[in-house]
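Asks: The structure's right below; bear with me while I get my questions together.
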Amino acid sequence: MSMFLSATILESSVSMIGLTAYAGFYETYSPKKGETVFVSAASGAVGQLVGQFAKLMGCYVVGSAGSKQKVDLLLNKFGYDEAFNYKEEPDLEEVLIWLLIIQCFPKGIDIYFENVGGKMLDAVLLNMKPYIWQNRCMWDDLSNLPDIIFKKIRMQGFAVYDFIVIDRFPKFLEFVIPYIKEEKLTYVEDIVEGLENGPAALVGLLHGQNVGKQVLKVA
C-alpha cells in the first residue's frame with residue numbers, strides 16, 4: 001500500500017465518519033472478544049466501519065441492509081458473519097425476530113449499533129440480552145420500550161463532536177491508521193460525477209440506493 005492515504009480513505013476512515021464509528025463502538029462501549037454485535041444500516045458510511053471494527057475485536061457481527069448488492073458487500077468485502085436484506089420481508093418485525101433469534105443470535109444480542117430506529121429497533125429490543133448495551137445514532141417511537149427496563153438494557157446516545165478534542169482524536173488516528181496501512185480496513189463510496197447529476201443522487205440517497213457515503217464529484 002502507498003505511504004500516502006487515498007482521498008477515499010481521508011474522506012471516510014480517518015475523517016468524521018471513521019471517528020463516529022470508532023467513538024460509538026469503542027469509546028461509549030468496551031467491546032470484548034466473542035460478543036455478538038448487530039449493526040443496522042450496515043453498508044452505510046458509518047455502519048461498514050463499525051462492522052469491521054467489531055470483527056477486528058473478534059466479535060460475531062451481523063448487519064442489515066436494504067438490497068442484495070449491499071448484503072453481498074457486507075459478507076464478501078466487509079467481513080460480516082451474517083447479513084440480511086430487510087426490504088425483502090413484508091412483515092419486518094416478525095421476520096426480524098426469527099432472523100435475529102433463531103438464525104443469527106440464538107443466545108441474544110450483546111451490542112446493537114443503532115442507525116435507523118422504528119420497527120428495526122423494536123424487534124432488536126425483544127432480542128437483547130439483559131444488562132446489555134445499545135449505542136444510538138438516532139431516536140424513534142418505540143413499542144417495546146418496556147424491554148429496556150425489564151432487561152436493564154443500557155442505551156446511550158452520543159455526538160461525534162464530543163470526541164474531537166486534543167487527546168481523543170490522536171488516539172483514534174493511532175488506532176485506525178495502522179489497520180489501513182495493513183489493509184485490514186476497507187471502504188466503499190458511492191461516487192456520482194457531474195453537478196447536473198446532483199439532484200438524482202440526492203433522490204437516490206433518500207431512497208437508500210447509495211452504498212456507503214454518497215459523494216458528488218463536480219470537477
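Labels used: A, B, ... for chains in the order of the C-alpha cells, numbers from 1 for residues in each chain, and numbers from 1 for ligands as shown.
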Residues at most 10 Å from Val71 (chain A), counting only C-alpha atoms, excluding those fewer than 2 positions away in the same chain, as a PyMOL selection string?

Replies: chain A and resi 42-43+63-69+73-78+80+82-86

Asks: Save the residues we just selected, C-alpha atoms, as a tab-separated table (two decimals), in the first residue's frame?

Replies:
```
chain	number	residue	atom	x	y	z
A	42	ALA	CA	-24.58	-1.77	8.00
A	43	SER	CA	-23.45	-0.86	4.48
A	63	GLY	CA	-25.69	-6.48	9.67
A	64	SER	CA	-28.92	-5.45	7.99
A	65	ALA	CA	-29.11	-3.66	4.65
A	66	GLY	CA	-31.70	-2.74	2.03
A	67	SER	CA	-30.63	-4.68	-1.08
A	68	LYS	CA	-28.96	-7.89	-2.19
A	69	GLN	CA	-25.99	-5.90	-3.50
A	73	LEU	CA	-20.80	-6.33	0.23
A	74	LEU	CA	-21.28	-6.94	3.95
A	75	LEU	CA	-20.46	-10.61	3.61
A	76	ASN	CA	-17.76	-10.57	0.95
A	77	LYS	CA	-15.99	-7.23	1.39
A	78	PHE	CA	-16.53	-6.03	4.97
A	80	TYR	CA	-19.65	-9.63	8.38
A	82	GLU	CA	-24.15	-12.83	8.64
A	83	ALA	CA	-26.28	-10.23	6.85
A	84	PHE	CA	-29.84	-9.93	5.57
A	85	ASN	CA	-31.93	-7.70	3.34
A	86	TYR	CA	-34.79	-6.41	5.49
```

Asks: Under the rule of at most 10 Å, produce a per-residue listing of region 10-51 of chain A near region 104-112 of chain A: chain, number, name, the closest pair of atoms, and the distance in Å, as a tab-separated table, using only C-alpha atoms.

Replies:
```
residue	atom	partner	partner_atom	distance
A:Phe25	CA	A:Ile111	CA	9.0
A:Tyr29	CA	A:Ile111	CA	8.7
A:Ser30	CA	A:Ile111	CA	10.0
A:Pro31	CA	A:Ile111	CA	8.1
A:Lys32	CA	A:Asp110	CA	9.8
A:Gly34	CA	A:Asp110	CA	9.7
A:Glu35	CA	A:Asp110	CA	6.0
A:Thr36	CA	A:Asp110	CA	5.1
A:Val37	CA	A:Ile111	CA	4.7
A:Phe38	CA	A:Tyr112	CA	4.9
A:Val39	CA	A:Tyr112	CA	6.0
A:Ser40	CA	A:Tyr112	CA	8.1
```

Asks: Give me, as a PyMOL selection string, all polymer residues having an atom no more than 12 Å from region 194-208 of chain A, counting only C-alpha atoms and skipping those fewer than 4 positions away in the same chain.

Replies: chain A and resi 41-45+65-67+70+87+116+190+212-219

Asks: Emit the selected residues as a short mmCIF file (atom, residue, chain, number, x, y, z; two decimals), in the first residue's frame, including N, CA, C and O atoms.

Replies:
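Heads up, here's the output in part39.cif:
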```cif
data_model
loop_
_atom_site.label_atom_id
_atom_site.label_comp_id
_atom_site.auth_asym_id
_atom_site.auth_seq_id
_atom_site.Cartn_x
_atom_site.Cartn_y
_atom_site.Cartn_z
N ALA A 41 -28.34 -0.56 9.08
CA ALA A 41 -27.76 0.27 8.02
C ALA A 41 -26.27 -0.03 7.89
O ALA A 41 -25.43 0.85 7.82
N ALA A 42 -25.97 -1.32 7.85
CA ALA A 42 -24.58 -1.77 8.00
C ALA A 42 -23.69 -1.46 6.80
O ALA A 42 -22.47 -1.46 6.93
N SER A 43 -24.27 -1.20 5.64
CA SER A 43 -23.45 -0.86 4.48
C SER A 43 -23.30 0.65 4.32
O SER A 43 -22.68 1.11 3.36
N GLY A 44 -23.87 1.42 5.24
CA GLY A 44 -23.77 2.87 5.17
C GLY A 44 -22.39 3.37 5.52
O GLY A 44 -21.47 2.61 5.84
N ALA A 45 -22.24 4.69 5.48
CA ALA A 45 -20.93 5.31 5.69
C ALA A 45 -20.32 4.91 7.02
O ALA A 45 -19.12 4.58 7.10
N ALA A 65 -29.24 -4.61 5.76
CA ALA A 65 -29.11 -3.66 4.65
C ALA A 65 -30.37 -3.74 3.80
O ALA A 65 -31.23 -4.59 4.03
N GLY A 66 -30.45 -2.86 2.79
CA GLY A 66 -31.70 -2.74 2.03
C GLY A 66 -31.68 -3.28 0.62
O GLY A 66 -32.59 -2.99 -0.16
N SER A 67 -30.66 -4.07 0.25
CA SER A 67 -30.63 -4.68 -1.08
C SER A 67 -29.69 -5.87 -1.07
O SER A 67 -28.82 -6.00 -0.20
N LYS A 70 -26.02 -4.82 -1.32
CA LYS A 70 -25.43 -4.36 -0.06
C LYS A 70 -25.14 -5.55 0.86
O LYS A 70 -24.11 -5.56 1.55
N LYS A 87 -35.61 -5.45 3.39
CA LYS A 87 -36.67 -5.00 2.47
C LYS A 87 -37.33 -6.16 1.74
O LYS A 87 -38.36 -5.97 1.09
N VAL A 116 -31.17 3.33 12.56
CA VAL A 116 -32.40 3.52 11.80
C VAL A 116 -33.67 3.73 12.63
O VAL A 116 -34.61 4.37 12.17
N ASP A 190 -20.08 5.81 -2.82
CA ASP A 190 -20.94 5.89 -4.00
C ASP A 190 -20.69 7.24 -4.65
O ASP A 190 -21.16 8.27 -4.18
N GLY A 212 -22.60 3.14 1.03
CA GLY A 212 -21.59 3.94 1.70
C GLY A 212 -21.88 5.42 1.57
O GLY A 212 -23.02 5.83 1.28
N LYS A 213 -20.85 6.22 1.75
CA LYS A 213 -21.01 7.66 1.69
C LYS A 213 -21.33 8.10 0.27
O LYS A 213 -20.68 7.68 -0.68
N GLN A 214 -22.35 8.95 0.10
CA GLN A 214 -22.70 9.50 -1.20
C GLN A 214 -21.82 10.70 -1.49
O GLN A 214 -21.78 11.67 -0.73
N VAL A 215 -21.08 10.63 -2.59
CA VAL A 215 -20.15 11.70 -2.95
C VAL A 215 -20.53 12.22 -4.34
O VAL A 215 -20.79 11.45 -5.27
N LEU A 216 -20.55 13.54 -4.48
CA LEU A 216 -20.80 14.19 -5.77
C LEU A 216 -19.50 14.81 -6.25
O LEU A 216 -18.97 15.73 -5.60
N LYS A 217 -18.98 14.33 -7.35
CA LYS A 217 -17.73 14.83 -7.92
C LYS A 217 -18.06 15.90 -8.96
O LYS A 217 -18.69 15.60 -9.98
N VAL A 218 -17.65 17.12 -8.72
CA VAL A 218 -18.02 18.23 -9.62
C VAL A 218 -16.89 18.62 -10.55
O VAL A 218 -17.08 19.39 -11.48
N ALA A 219 -15.67 18.21 -10.28
CA ALA A 219 -14.55 18.56 -11.15
C ALA A 219 -13.49 17.48 -11.09
O ALA A 219 -13.41 16.70 -10.15
#
```

Asks: Report the residues of region 144-189 of chain A whose backbone DSSP state falls under strand (DSSP E or B), written as a ChimeraX atom specification.

Replies: /A:154-157,189

Asks: Generate the output file for the selected residues, C-alpha atoms, as a tab-separated table (two decimals), in the first residue's frame.

Replies:
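Below is the file that was written, again_15.tsv:
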```
chain	number	residue	atom	x	y	z
A	154	ARG	CA	-28.20	0.45	28.84
A	155	MET	CA	-28.94	2.76	25.90
A	156	GLN	CA	-26.62	5.68	25.21
A	157	GLY	CA	-26.66	8.36	22.56
A	189	GLU	CA	-18.15	5.17	-1.52
```

Asks: So how far away is CA of Gly79 (chain A) from CA of Lys184 (chain A), in Å?

Replies: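 Between CA of Lys184 (chain A) and CA of Gly79 (chain A) the gap works out to 10.2 Å.
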
Asks: Mind checking DSSP for region 20-126 of chain A and telling me the helix (DSSP H, G or I) residues as a PyMOL selection string?

Replies: chain A and resi 20-27+47-56+68-76+86-88+92-104+118-126
